[in-house]
>>> print(open('entry.cif').read())   # mmCIF, C-alpha atoms
data_work
#
loop_
_atom_site.label_atom_id
_atom_site.label_comp_id
_atom_site.auth_asym_id
_atom_site.auth_seq_id
_atom_site.Cartn_x
_atom_site.Cartn_y
_atom_site.Cartn_z
CA MET A 850 -13.33 5.67 -10.25
CA THR A 851 -15.69 5.56 -7.30
CA ASP A 852 -14.74 7.47 -4.17
CA VAL A 853 -14.86 5.56 -0.88
CA ALA A 854 -16.09 6.98 2.46
CA ILE A 855 -13.73 6.27 5.36
CA ALA A 856 -13.62 7.17 9.06
CA LEU A 857 -10.43 7.26 11.10
CA THR A 858 -8.90 8.90 14.15
CA VAL A 859 -5.94 11.23 13.61
CA ASN A 860 -4.15 12.56 16.69
CA GLY A 861 -7.30 11.94 18.76
CA GLN A 862 -9.65 13.64 16.31
CA ASN A 863 -12.40 11.71 14.51
CA ILE A 864 -12.22 12.27 10.78
CA LYS A 865 -14.78 11.33 8.14
CA VAL A 866 -13.71 11.81 4.58
CA SER A 867 -14.38 10.49 1.10
CA VAL A 868 -11.31 9.52 -0.91
CA GLU A 869 -10.29 8.29 -4.31
CA PRO A 870 -8.92 4.71 -3.85
CA ARG A 871 -5.50 5.64 -5.28
CA LEU A 872 -4.89 8.37 -2.66
CA THR A 873 -2.12 7.34 -0.25
CA LEU A 874 -2.47 7.88 3.48
CA ALA A 875 0.44 10.36 3.24
CA ALA A 876 -1.43 12.43 0.65
CA LEU A 877 -4.62 12.32 2.74
CA LEU A 878 -2.74 13.61 5.79
CA ARG A 879 -0.83 16.33 3.95
CA ARG A 880 -3.25 17.59 1.31
CA ARG A 881 -6.71 16.94 2.70
CA LEU A 882 -6.07 17.26 6.43
CA ARG A 883 -3.23 19.81 6.00
CA LEU A 884 -1.05 17.91 8.48
CA THR A 885 2.14 18.78 6.63
CA GLY A 886 4.46 17.63 9.41
CA THR A 887 4.49 14.22 7.71
CA HIS A 888 7.06 14.62 4.96
CA LEU A 889 7.17 12.84 1.63
CA GLY A 890 10.62 11.94 0.36
CA CYS A 891 10.82 9.02 -2.05
CA GLU A 892 7.11 8.05 -2.14
CA HIS A 893 7.97 4.40 -2.66
CA GLY A 894 8.98 3.11 0.74
CA VAL A 895 12.71 3.67 0.85
CA CYS A 896 13.41 6.85 2.86
CA GLY A 897 11.17 6.65 5.95
CA ALA A 898 10.36 10.40 6.05
CA CYS A 899 6.59 9.75 5.86
CA THR A 900 6.45 7.34 8.84
CA VAL A 901 3.32 7.65 10.99
CA ILE A 902 1.95 5.42 13.75
CA VAL A 903 -1.05 3.27 12.78
CA ASP A 904 -2.70 1.37 15.64
CA GLY A 905 0.60 1.49 17.55
CA ASP A 906 2.84 0.36 14.66
CA ALA A 907 5.29 2.64 12.85
CA VAL A 908 4.46 2.37 9.15
CA ARG A 909 5.30 4.23 5.97
CA SER A 910 2.28 6.38 5.06
CA CYS A 911 3.31 6.42 1.38
CA LEU A 912 2.82 2.63 1.34
CA ILE A 913 -0.75 2.56 2.66
CA LEU A 914 -3.76 3.64 0.70
CA ALA A 915 -6.02 6.04 2.59
CA VAL A 916 -8.92 3.59 2.02
CA GLN A 917 -6.91 0.92 3.85
CA ALA A 918 -6.72 3.20 6.89
CA ASP A 919 -10.50 3.04 7.38
CA GLY A 920 -11.21 2.50 11.10
CA VAL A 921 -7.63 2.90 12.34
CA GLU A 922 -6.06 5.23 14.87
CA ILE A 923 -3.20 7.37 13.59
CA THR A 924 -0.57 9.45 15.35
CA THR A 925 1.47 11.84 13.22
CA VAL A 926 4.41 13.96 14.33
CA GLU A 927 1.88 16.70 15.18
CA GLY A 928 0.41 14.35 17.80
CA LEU A 929 3.61 13.79 19.77
CA ALA A 930 3.85 17.08 21.73
CA HIS A 931 1.38 18.14 24.41
CA GLY A 932 0.35 21.56 23.13
CA GLU A 933 3.47 23.72 23.24
CA THR A 934 5.35 21.24 25.46
CA LEU A 935 7.74 19.00 23.59
CA SER A 936 7.64 15.26 24.32
CA PRO A 937 10.72 13.79 26.06
CA LEU A 938 11.88 12.41 22.68
CA GLN A 939 11.49 15.79 20.98
CA SER A 940 13.28 17.58 23.85
CA ALA A 941 16.16 15.13 23.61
CA PHE A 942 16.42 15.75 19.85
CA LYS A 943 16.62 19.50 20.54
CA LYS A 944 19.21 19.06 23.29
CA HIS A 945 21.47 16.76 21.24
CA HIS A 946 21.09 18.66 17.94
CA ALA A 947 19.68 15.47 16.44
CA LEU A 948 18.37 17.37 13.42
CA GLN A 949 19.83 19.76 10.92
CA CYS A 950 17.66 20.35 7.86
CA GLY A 951 14.77 18.58 9.61
CA PHE A 952 13.30 16.84 6.57
CA CYS A 953 13.73 13.31 7.94
CA THR A 954 12.93 14.29 11.55
CA PRO A 955 9.15 13.67 11.60
CA GLY A 956 9.67 10.11 10.33
CA ILE A 957 12.44 9.45 12.82
CA LEU A 958 10.45 10.85 15.76
CA THR A 959 7.38 8.75 14.96
CA THR A 960 9.48 5.62 14.37
CA MET A 961 11.43 6.01 17.60
CA HIS A 962 8.27 6.89 19.56
CA ALA A 963 6.62 3.66 18.37
CA LEU A 964 9.78 1.65 19.09
CA LEU A 965 10.34 2.99 22.61
CA SER A 966 6.64 2.70 23.50
CA GLU A 967 6.82 -1.01 22.67
CA GLU A 968 10.46 -1.67 23.63
CA PRO A 969 11.51 0.88 26.27
CA ASP A 970 14.60 -1.22 27.02
CA ALA A 971 15.80 -1.23 23.40
CA ALA A 972 19.60 -1.33 23.35
CA GLU A 973 21.73 0.94 21.17
CA GLU A 974 22.23 -1.85 18.63
CA ARG A 975 18.47 -2.33 18.29
CA ILE A 976 17.91 1.42 17.97
CA ARG A 977 20.56 1.67 15.25
CA HIS A 978 19.08 -1.32 13.41
CA VAL A 979 15.59 0.24 13.44
CA LEU A 980 16.99 3.63 12.36
CA SER A 981 18.29 1.95 9.19
CA GLY A 982 14.77 2.43 7.82
CA ASN A 983 15.07 6.22 7.98
CA ILE A 984 17.48 8.07 5.72
CA CYS A 985 19.15 11.15 7.23
CA ARG A 986 21.69 12.93 5.04
CA CYS A 987 22.76 15.64 7.52
CA THR A 988 23.48 14.37 11.00
CA GLY A 989 25.48 11.19 10.47
CA TYR A 990 23.03 9.64 12.97
CA LEU A 991 25.29 9.95 16.04
CA PRO A 992 23.30 12.75 17.75
CA ILE A 993 20.06 10.94 16.84
CA VAL A 994 21.21 7.78 18.61
CA GLU A 995 22.31 9.83 21.63
CA ALA A 996 18.96 11.60 21.79
CA VAL A 997 16.98 8.37 21.52
CA LEU A 998 19.07 6.67 24.20
CA GLU A 999 18.48 9.60 26.57
CA ALA A 1000 14.73 9.75 25.84
CA ALA A 1001 14.36 6.00 26.44
CA GLU A 1002 14.53 6.68 30.20
CA ALA A 1003 11.19 8.56 30.05
CA TYR A 1004 9.57 5.61 28.24
CA ARG A 1005 10.95 3.16 30.83
CA LYS A 1006 9.44 5.26 33.64
CA LYS A 1007 6.11 5.38 31.83
CA ALA A 1008 6.18 1.60 31.34
CA GLN A 1009 6.54 0.97 35.08
CA PRO A 1010 3.25 -0.02 36.72
CA MET B 333 -1.51 11.06 -6.96
CA LYS B 334 1.08 8.80 -8.52
CA PRO B 335 -0.81 5.51 -9.18
CA ALA B 336 -3.18 5.23 -12.13
CA PRO B 337 -6.86 5.18 -11.07
CA PHE B 338 -8.43 1.92 -9.87
CA ASP B 339 -11.52 0.72 -8.04
CA TYR B 340 -11.30 -0.75 -4.55
CA ALA B 341 -13.10 -3.59 -2.78
CA ARG B 342 -12.53 -4.84 0.76
CA PRO B 343 -14.19 -8.24 1.23
CA ASN B 344 -14.45 -9.73 4.72
CA THR B 345 -14.36 -13.39 3.73
CA LEU B 346 -12.18 -15.50 1.46
CA ALA B 347 -15.23 -16.59 -0.58
CA GLU B 348 -16.14 -12.96 -1.33
CA ALA B 349 -12.52 -12.16 -2.16
CA LEU B 350 -12.33 -15.07 -4.63
CA SER B 351 -15.43 -13.85 -6.43
CA PHE B 352 -13.93 -10.32 -6.72
CA MET B 353 -10.78 -11.92 -8.16
CA THR B 354 -12.77 -13.14 -11.18
CA ALA B 355 -13.25 -9.51 -12.29
CA GLU B 356 -11.18 -8.33 -15.22
CA ASP B 357 -7.72 -7.08 -14.25
CA ALA B 358 -8.19 -7.48 -10.49
CA LYS B 359 -5.17 -7.57 -8.18
CA PRO B 360 -5.09 -8.46 -4.49
CA ILE B 361 -3.48 -6.12 -1.96
CA ALA B 362 -2.58 -7.01 1.64
CA GLY B 363 0.21 -5.02 3.32
CA GLY B 364 0.94 -3.32 0.01
CA GLN B 365 4.65 -3.00 0.76
CA SER B 366 5.64 -4.39 -2.64
CA LEU B 367 2.53 -3.53 -4.66
CA ILE B 368 2.18 0.16 -3.74
CA PRO B 369 5.70 1.02 -4.99
CA LEU B 370 4.81 -0.75 -8.26
CA LEU B 371 1.58 1.26 -8.45
CA ALA B 372 3.44 4.51 -7.64
CA LEU B 373 5.96 3.80 -10.41
CA ARG B 374 3.08 2.73 -12.69
CA MET B 375 4.78 -0.58 -13.34
CA THR B 376 1.30 -2.03 -12.82
CA ALA B 377 -2.13 -0.47 -13.27
CA PRO B 378 -4.95 -2.85 -12.27
CA LYS B 379 -8.62 -1.91 -12.73
CA LEU B 380 -9.64 -3.28 -9.34
CA LEU B 381 -7.69 -3.67 -6.10
CA VAL B 382 -9.10 -6.36 -3.83
CA ASP B 383 -8.00 -5.58 -0.26
CA ILE B 384 -7.64 -8.96 1.46
CA SER B 385 -5.95 -7.53 4.56
CA ARG B 386 -8.90 -8.03 6.91
CA ILE B 387 -9.80 -11.61 6.02
CA ALA B 388 -9.46 -13.66 9.22
CA GLU B 389 -9.11 -16.98 7.31
CA LEU B 390 -5.77 -15.81 5.92
CA LYS B 391 -4.22 -14.94 9.28
CA GLY B 392 -2.30 -16.92 11.85
CA VAL B 393 0.52 -19.42 12.26
CA GLU B 394 -0.39 -23.08 12.90
CA PHE B 395 1.87 -25.88 14.06
CA ASP B 396 1.18 -29.45 13.04
CA SER B 397 3.32 -32.56 13.52
CA GLY B 398 4.30 -32.51 9.87
CA TYR B 399 4.46 -28.82 8.97
CA ILE B 400 4.22 -25.19 9.99
CA LYS B 401 1.45 -23.31 8.22
CA LEU B 402 1.88 -19.57 7.72
CA GLY B 403 -1.35 -17.80 6.78
CA ALA B 404 -0.71 -15.55 3.77
CA LEU B 405 -1.38 -12.45 5.91
CA THR B 406 1.32 -13.30 8.49
CA ARG B 407 3.40 -10.14 8.77
CA TRP B 408 7.20 -10.02 9.17
CA CYS B 409 6.74 -8.60 12.68
CA ASP B 410 4.41 -11.53 13.52
CA VAL B 411 7.15 -13.97 12.46
CA LEU B 412 9.81 -12.15 14.46
CA LYS B 413 7.68 -11.86 17.63
CA ASN B 414 6.45 -15.47 17.55
CA ARG B 415 8.41 -17.27 20.27
CA LYS B 416 7.24 -20.69 19.17
CA LEU B 417 8.47 -20.05 15.63
CA ALA B 418 11.92 -19.07 16.95
CA VAL B 419 12.19 -22.62 18.31
CA GLN B 420 10.22 -24.50 15.66
CA HIS B 421 11.80 -22.83 12.61
CA PRO B 422 14.92 -20.85 13.57
CA LEU B 423 16.08 -20.57 9.93
CA LEU B 424 12.86 -18.77 8.94
CA VAL B 425 13.13 -16.33 11.85
CA GLU B 426 16.79 -15.60 11.18
CA ALA B 427 16.13 -15.02 7.47
CA ILE B 428 13.19 -12.70 8.13
CA GLY B 429 15.42 -10.67 10.47
CA HIS B 430 17.10 -9.49 7.24
CA THR B 431 13.84 -8.57 5.48
CA ALA B 432 13.31 -4.87 4.75
CA HIS B 433 13.06 -2.24 7.48
CA TYR B 434 11.18 -1.91 10.79
CA GLN B 435 8.28 0.08 9.33
CA ILE B 436 7.87 -2.30 6.37
CA ARG B 437 8.04 -5.34 8.66
CA ASN B 438 4.98 -3.94 10.47
CA ARG B 439 2.85 -4.32 7.33
CA GLY B 440 4.60 -6.59 4.84
CA THR B 441 3.30 -10.18 4.68
CA VAL B 442 4.76 -13.58 3.80
CA GLY B 443 2.06 -14.07 1.17
CA GLY B 444 2.72 -10.66 -0.36
CA SER B 445 6.45 -11.23 -0.64
CA CYS B 446 6.02 -14.66 -2.24
CA SER B 447 3.36 -13.38 -4.68
CA HIS B 448 5.62 -10.46 -5.58
CA ALA B 449 8.52 -12.91 -6.16
CA ASP B 450 11.49 -10.58 -6.04
CA PRO B 451 14.50 -12.84 -6.78
CA SER B 452 16.47 -11.21 -3.93
CA ALA B 453 13.80 -11.59 -1.24
CA GLU B 454 14.40 -13.82 1.78
CA MET B 455 11.00 -15.52 2.18
CA PRO B 456 10.89 -17.04 -1.33
CA ALA B 457 14.47 -18.28 -0.79
CA VAL B 458 13.50 -19.98 2.49
CA ALA B 459 10.44 -21.48 0.79
CA VAL B 460 12.51 -22.98 -2.04
CA ALA B 461 15.34 -24.25 0.19
CA CYS B 462 12.85 -25.82 2.63
CA GLU B 463 10.58 -27.34 -0.05
CA ALA B 464 7.57 -25.33 1.08
CA GLN B 465 4.14 -25.91 -0.39
CA PHE B 466 1.87 -23.09 -1.50
CA GLU B 467 -1.88 -23.39 -0.98
CA ILE B 468 -3.64 -21.47 -3.75
CA LYS B 469 -7.40 -20.99 -4.05
CA SER B 470 -9.89 -19.76 -6.60
CA LEU B 471 -13.60 -20.31 -7.18
CA ARG B 472 -12.43 -23.24 -9.34
CA GLY B 473 -10.91 -25.01 -6.34
CA THR B 474 -7.75 -25.44 -4.29
CA ARG B 475 -4.35 -26.53 -5.47
CA ILE B 476 -1.03 -27.12 -3.74
CA VAL B 477 2.04 -25.98 -5.62
CA PRO B 478 5.59 -26.93 -4.54
CA ALA B 479 8.00 -23.99 -4.13
CA ASP B 480 10.23 -24.95 -7.06
CA GLU B 481 7.19 -24.71 -9.38
CA PHE B 482 5.67 -21.67 -7.66
CA PHE B 483 8.44 -19.22 -8.58
CA VAL B 484 8.47 -18.95 -12.36
CA SER B 485 10.63 -15.90 -13.08
CA VAL B 486 11.34 -12.34 -11.92
CA LEU B 487 8.09 -11.03 -10.32
CA THR B 488 6.24 -14.00 -11.84
CA THR B 489 4.63 -16.91 -10.00
CA ALA B 490 2.33 -19.83 -10.75
CA ILE B 491 -0.66 -17.91 -9.32
CA GLU B 492 -3.34 -17.43 -12.01
CA ALA B 493 -5.26 -14.15 -12.39
CA ASP B 494 -8.33 -15.37 -10.46
CA GLU B 495 -6.37 -17.14 -7.70
CA LEU B 496 -5.23 -16.12 -4.22
CA LEU B 497 -2.31 -17.46 -2.21
CA VAL B 498 -3.87 -18.67 1.04
CA SER B 499 -1.03 -20.20 3.03
CA ILE B 500 2.55 -21.41 2.90
CA ARG B 501 3.45 -24.73 4.54
CA LEU B 502 6.99 -25.36 5.67
CA PRO B 503 7.91 -28.96 6.53
CA ALA B 504 8.55 -29.40 10.27
CA TRP B 505 12.10 -28.62 11.38
CA PRO B 506 13.98 -31.18 13.52
CA PRO B 507 15.37 -29.44 16.63
CA ALA B 508 18.97 -30.64 16.12
CA ARG B 509 19.18 -29.55 12.49
CA ARG B 510 22.33 -27.62 11.48
CA TYR B 511 21.66 -24.49 9.46
CA ALA B 512 22.98 -21.12 8.36
CA PHE B 513 21.63 -18.08 6.55
CA GLN B 514 24.06 -15.68 4.88
CA GLU B 515 23.35 -12.65 2.73
CA PHE B 516 25.24 -9.58 1.60
CA SER B 517 23.66 -6.20 0.98
CA ARG B 518 25.32 -2.81 0.86
CA ARG B 519 22.99 -1.30 3.46
CA THR B 520 20.94 -2.90 6.25
CA GLY B 521 17.47 -3.76 5.01
CA ASP B 522 18.32 -3.49 1.32
CA PHE B 523 17.67 -6.35 -1.04
CA ALA B 524 20.54 -8.84 -0.99
CA MET B 525 23.17 -8.74 -3.72
CA ALA B 526 23.51 -12.47 -3.10
CA GLY B 527 22.43 -14.88 -0.38
CA CYS B 528 22.84 -18.48 0.64
CA ILE B 529 20.96 -20.94 2.84
CA VAL B 530 22.31 -24.30 3.99
CA PHE B 531 20.96 -26.93 6.33
CA TRP B 532 21.47 -30.61 7.04
CA ASP B 533 20.84 -33.19 9.73
CA ASP B 534 23.97 -34.25 11.53
CA GLU B 535 24.78 -37.98 11.55
CA ASP B 536 28.01 -38.62 13.45
CA GLY B 537 29.63 -35.48 12.04
CA ARG B 538 28.40 -36.14 8.50
CA CYS B 539 25.79 -34.22 6.48
CA ALA B 540 22.57 -36.15 6.05
CA ASN B 541 19.71 -34.67 4.01
CA PRO B 542 21.72 -31.60 2.91
CA HIS B 543 19.82 -28.64 1.42
CA VAL B 544 21.49 -25.69 -0.28
CA GLY B 545 19.61 -22.66 -1.60
CA VAL B 546 20.77 -19.41 -3.16
CA PHE B 547 19.00 -16.13 -3.98
CA GLY B 548 19.68 -12.78 -5.57
CA VAL B 549 21.72 -14.45 -8.33
CA ALA B 550 19.08 -15.71 -10.80
CA ASP B 551 15.50 -15.01 -11.92
CA THR B 552 14.17 -17.03 -8.98
CA PRO B 553 15.64 -18.43 -5.78
CA LEU B 554 17.27 -21.78 -6.51
CA ARG B 555 18.04 -25.05 -4.78
CA ILE B 556 21.48 -26.28 -5.84
CA ARG B 557 21.46 -30.06 -5.97
CA ASP B 558 25.00 -30.27 -7.37
CA VAL B 559 26.28 -28.76 -4.12
CA GLU B 560 23.99 -30.97 -2.03
CA ARG B 561 25.53 -34.02 -3.75
CA VAL B 562 29.00 -32.81 -2.72
CA LEU B 563 27.93 -32.52 0.91
CA LEU B 564 25.89 -35.73 1.16
CA ASN B 565 27.17 -38.05 3.90
CA ARG B 566 30.45 -36.15 4.27
CA PRO B 567 31.89 -34.09 7.14
CA ILE B 568 32.58 -30.37 6.61
CA THR B 569 36.30 -30.23 5.81
CA THR B 570 38.46 -27.80 3.84
CA ASN B 571 38.28 -30.13 0.85
CA VAL B 572 34.52 -30.48 1.01
CA ILE B 573 34.10 -26.69 1.28
CA ALA B 574 36.37 -26.18 -1.74
CA GLU B 575 34.48 -28.80 -3.76
CA ALA B 576 31.15 -27.29 -2.72
CA THR B 577 32.07 -23.71 -3.70
CA SER B 578 33.50 -24.87 -6.99
CA ALA B 579 30.32 -26.88 -7.72
CA LEU B 580 28.28 -23.78 -6.87
CA ARG B 581 30.31 -21.57 -9.24
CA GLU B 582 29.69 -24.06 -12.02
CA ALA B 583 26.00 -24.47 -11.26
CA VAL B 584 25.09 -20.78 -10.99
CA ILE B 585 26.29 -18.11 -13.39
CA PRO B 586 24.77 -14.83 -12.20
CA GLN B 587 23.87 -12.15 -14.74
CA ASP B 588 25.55 -8.76 -14.88
CA ASP B 589 23.44 -5.90 -13.61
CA LEU B 590 23.96 -2.33 -12.48
CA HIS B 591 24.80 -3.43 -8.92
CA ALA B 592 27.55 -5.94 -9.74
CA PRO B 593 29.11 -7.83 -12.64
CA SER B 594 28.58 -11.58 -12.89
CA ALA B 595 32.11 -12.48 -11.74
CA TYR B 596 31.75 -10.39 -8.59
CA ARG B 597 28.42 -11.97 -7.68
CA SER B 598 29.79 -15.44 -8.37
CA ALA B 599 32.80 -14.84 -6.08
CA LEU B 600 30.52 -13.32 -3.42
CA LEU B 601 28.21 -16.32 -3.57
CA GLY B 602 31.15 -18.69 -3.06
CA VAL B 603 32.26 -16.75 0.01
CA LEU B 604 28.73 -16.78 1.42
CA LEU B 605 28.49 -20.56 0.92
CA GLU B 606 31.82 -21.07 2.68
CA ARG B 607 30.70 -18.89 5.60
CA ALA B 608 27.38 -20.70 5.74
CA LEU B 609 29.00 -24.15 5.83
CA LEU B 610 31.43 -23.08 8.54
CA SER B 611 28.73 -21.38 10.58
CA ALA B 612 26.30 -24.30 10.30
CA SER B 613 28.98 -26.73 11.41
CA SER B 614 29.73 -24.26 14.27
CA ARG B 615 33.38 -24.13 13.35
CA LYS B 616 35.85 -21.38 12.63
CA ARG B 617 37.89 -21.41 9.44
CA GLU B 618 41.14 -22.33 11.20
CA GLU B 619 39.48 -25.29 12.96
CA VAL B 620 38.56 -27.07 9.73
CA ALA B 621 40.94 -29.83 8.74
#
>>> encode(input="entry.cif", output="structure tokens")
Amino acid sequence: MTDVAIALTVNGQNIKVSVEPRLTLAALLRRRLRLTGTHLGCEHGVCGACTVIVDGDAVRSCLILAVQADGVEITTVEGLAHGETLSPLQSAFKKHHALQCGFCTPGILTTMHALLSEEPDAAEERIRHVLSGNICRCTGYLPIVEAVLEAAEAYRKKAQP
Amino acid sequence: MKPAPFDYARPNTLAEALSFMTAEDAKPIAGGQSLIPLLALRMTAPKLLVDISRIAELKGVEFDSGYIKLGALTRWCDVLKNRKLAVQHPLLVEAIGHTAHYQIRNRGTVGGSCSHADPSAEMPAVAVACEAQFEIKSLRGTRIVPADEFFVSVLTTAIEADELLVSIRLPAWPPARRYAFQEFSRRTGDFAMAGCIVFWDDEDGRCANPHVGVFGVADTPLRIRDVERVLLNRPITTNVIAEATSALREAVIPQDDLHAPSAYRSALLGVLLERALLSASSRKREEVA
């Protein structure tokens, strides 16, 4: 089957690559670009581990073909920190022990980053509802909710004109 | 790579897309939130994927005096963020609040869900209960298919191989209409084990124009006219609720599956109908005479 040339931006870097149409965005990120922070759990849209941010929206990268990402701007978990400095959300996760094995963490960080960027005033109920799209089998979610609620303050400050 | 190999085309106009759809074994893809899992599980293996996701003609929500037109590419998040829709079709917005998860709602589309035709999905159930009309196009022309003919069976619709679903039209919704949406799923965002939609127009405390729909309990979402006949021109009382749930249990006999036996689903559906009738009449159980 014919490969397709695509161009996209990943964590601020312009990427040009030729892909087989059946390659998912998740596979492009992990195997071709070696951005292995994006984790693959179920590979059919149930677990949320592979969530990345596409043009501002949190989406499951196992449910987008790489060819469909032509021309878009992507942020992966690798794009959240500033160099060695953790983002406020990442710091809050560390402080509240919001991760144990860490497998689901990249998907949760990207999802919550997208949510708080758009809805910095999201209430606990809203945060919990959105978290239902990410399966975590270690934490029981409580420390995750606490971390997100604390980090929300930084997003509210950023949102102020 | 989990899907079987296929070729890919991304037309920019509907006319181009329709000509790609005449190719052998072509399938359209928009948000891909239902199709890509099927591809990953190799439940489907088309030769050509036609990516319709950037076709402007398929986008947007339009309001007319007679109906609300949802372009096939309208995403769940577009429905939920549309303030006009929240007023003009509150049932739709409430139902879509139950659809999938945050990340999927950012890509999944109304057209995709209806074309996929999962019997437990919310959008097809709203379409059937509300007597929606589906606008379907091919190079051969345009046809309008009513919702009760559109959904044929599990994952099967009236759309032919060379056709595309272009829009879904919901009849306009009177502001004073009484309605309720009830579904049960084990986890938030999961497909419903059973669900129920009711609405009617209130005439001096009686149900005029009653509509009752159920989903997750048969091969397609269904409108239950036997229950509507029970409600017609009557107030919501304990007796009417009992008659309605018993009519529903007779009209729908769910199949057993690995999630629940038929008797459980049937009982669940009755409870959901009762809750829906109480909620739509804005009354608590103890208030009903």
>>> atom_distance(input="entry.cif", atom1="atom CA of B:Ile368", atom2="atom CA of A:Arg871")
9.6 Å
>>> closest_atom_pairs(input="entry.cif", of="chain B", to="chain A", cutoff="9 Å", atoms="all atoms listed in the file", output="JSON lines")
{"residue": "B:Met333", "atom": "CA", "partner": "A:Leu872", "partner_atom": "CA", "distance": 6.1}
{"residue": "B:Lys334", "atom": "CA", "partner": "A:Arg871", "partner_atom": "CA", "distance": 8.0}
{"residue": "B:Pro335", "atom": "CA", "partner": "A:Arg871", "partner_atom": "CA", "distance": 6.1}
{"residue": "B:Ala336", "atom": "CA", "partner": "A:Arg871", "partner_atom": "CA", "distance": 7.2}
{"residue": "B:Pro337", "atom": "CA", "partner": "A:Arg871", "partner_atom": "CA", "distance": 6.0}
{"residue": "B:Phe338", "atom": "CA", "partner": "A:Met850", "partner_atom": "CA", "distance": 6.2}
{"residue": "B:Asp339", "atom": "CA", "partner": "A:Met850", "partner_atom": "CA", "distance": 5.7}
{"residue": "B:Tyr340", "atom": "CA", "partner": "A:Pro870", "partner_atom": "CA", "distance": 6.0}
{"residue": "B:Arg342", "atom": "CA", "partner": "A:Gln917", "partner_atom": "CA", "distance": 8.6}
{"residue": "B:Gly363", "atom": "CA", "partner": "A:Ile913", "partner_atom": "CA", "distance": 7.7}
{"residue": "B:Gly364", "atom": "CA", "partner": "A:Leu912", "partner_atom": "CA", "distance": 6.4}
{"residue": "B:Gln365", "atom": "CA", "partner": "A:Leu912", "partner_atom": "CA", "distance": 5.9}
{"residue": "B:Ser366", "atom": "CA", "partner": "A:Leu912", "partner_atom": "CA", "distance": 8.5}
{"residue": "B:Leu367", "atom": "CA", "partner": "A:Leu912", "partner_atom": "CA", "distance": 8.6}
{"residue": "B:Ile368", "atom": "CA", "partner": "A:Leu912", "partner_atom": "CA", "distance": 5.7}
{"residue": "B:Pro369", "atom": "CA", "partner": "A:His893", "partner_atom": "CA", "distance": 4.7}
{"residue": "B:Leu370", "atom": "CA", "partner": "A:His893", "partner_atom": "CA", "distance": 8.2}
{"residue": "B:Leu371", "atom": "CA", "partner": "A:Arg871", "partner_atom": "CA", "distance": 8.9}
{"residue": "B:Ala372", "atom": "CA", "partner": "A:His893", "partner_atom": "CA", "distance": 6.7}
{"residue": "B:Leu373", "atom": "CA", "partner": "A:His893", "partner_atom": "CA", "distance": 8.0}
{"residue": "B:Leu381", "atom": "CA", "partner": "A:Pro870", "partner_atom": "CA", "distance": 8.8}
{"residue": "B:Asp383", "atom": "CA", "partner": "A:Gln917", "partner_atom": "CA", "distance": 7.8}
{"residue": "B:Ser385", "atom": "CA", "partner": "A:Gln917", "partner_atom": "CA", "distance": 8.5}
{"residue": "B:Ala432", "atom": "CA", "partner": "A:Gly982", "partner_atom": "CA", "distance": 8.1}
{"residue": "B:His433", "atom": "CA", "partner": "A:Gly982", "partner_atom": "CA", "distance": 5.0}
{"residue": "B:Tyr434", "atom": "CA", "partner": "A:Val979", "partner_atom": "CA", "distance": 5.6}
{"residue": "B:Gln435", "atom": "CA", "partner": "A:Val908", "partner_atom": "CA", "distance": 4.5}
{"residue": "B:Ile436", "atom": "CA", "partner": "A:Val908", "partner_atom": "CA", "distance": 6.4}
{"residue": "B:Arg437", "atom": "CA", "partner": "A:Val908", "partner_atom": "CA", "distance": 8.5}
{"residue": "B:Asn438", "atom": "CA", "partner": "A:Asp906", "partner_atom": "CA", "distance": 6.4}
{"residue": "B:Arg439", "atom": "CA", "partner": "A:Val908", "partner_atom": "CA", "distance": 7.1}
{"residue": "B:Arg519", "atom": "CA", "partner": "A:Ser981", "partner_atom": "CA", "distance": 8.1}
{"residue": "B:Thr520", "atom": "CA", "partner": "A:Ser981", "partner_atom": "CA", "distance": 6.3}
{"residue": "B:Gly521", "atom": "CA", "partner": "A:Ser981", "partner_atom": "CA", "distance": 7.1}
>>> residues_around(input="entry.cif", residues="B:Ala550", least_positions_apart="2", cutoff="7 Å", atoms="only C-alpha atoms", output="MDAnalysis selection string")
chainID B and resid 451 547:548 552:553 586
>>> atom_distance(input="entry.cif", atom1="atom CA of B:Pro506", atom2="atom CA of B:His543")
13.7 Å
>>> residues_around(input="entry.cif", residues="stretch 477-493 of chain B", least_positions_apart="4", cutoff="7 Å", atoms="only C-alpha atoms", output="list in words")
Ser447, His448, Ala449, Asp450, Pro451, Ala459, Val460, Glu463, Ala464, Gln465, Phe466, Glu467, Asp551 and Thr552 of chain B
>>> write_last_selection(input="entry.cif", atoms="C-alpha atoms", output="tab-separated table (two decimals), keeping the file's coordinate frame")
chain	number	residue	atom	x	y	z
B	447	SER	CA	3.36	-13.38	-4.68
B	448	HIS	CA	5.62	-10.46	-5.58
B	449	ALA	CA	8.52	-12.91	-6.16
B	450	ASP	CA	11.49	-10.58	-6.04
B	451	PRO	CA	14.50	-12.84	-6.78
B	459	ALA	CA	10.44	-21.48	0.79
B	460	VAL	CA	12.51	-22.98	-2.04
B	463	GLU	CA	10.58	-27.34	-0.05
B	464	ALA	CA	7.57	-25.33	1.08
B	465	GLN	CA	4.14	-25.91	-0.39
B	466	PHE	CA	1.87	-23.09	-1.50
B	467	GLU	CA	-1.88	-23.39	-0.98
B	551	ASP	CA	15.50	-15.01	-11.92
B	552	THR	CA	14.17	-17.03	-8.98
>>> resolve_selection(input="entry.cif", expression="the PyMOL selection byres ((chain B and resi 555-570) around 6)", output="VMD selection string")
chain B and resid 461 537 to 540 542 to 545 554 571 to 573 576 579 620 to 621
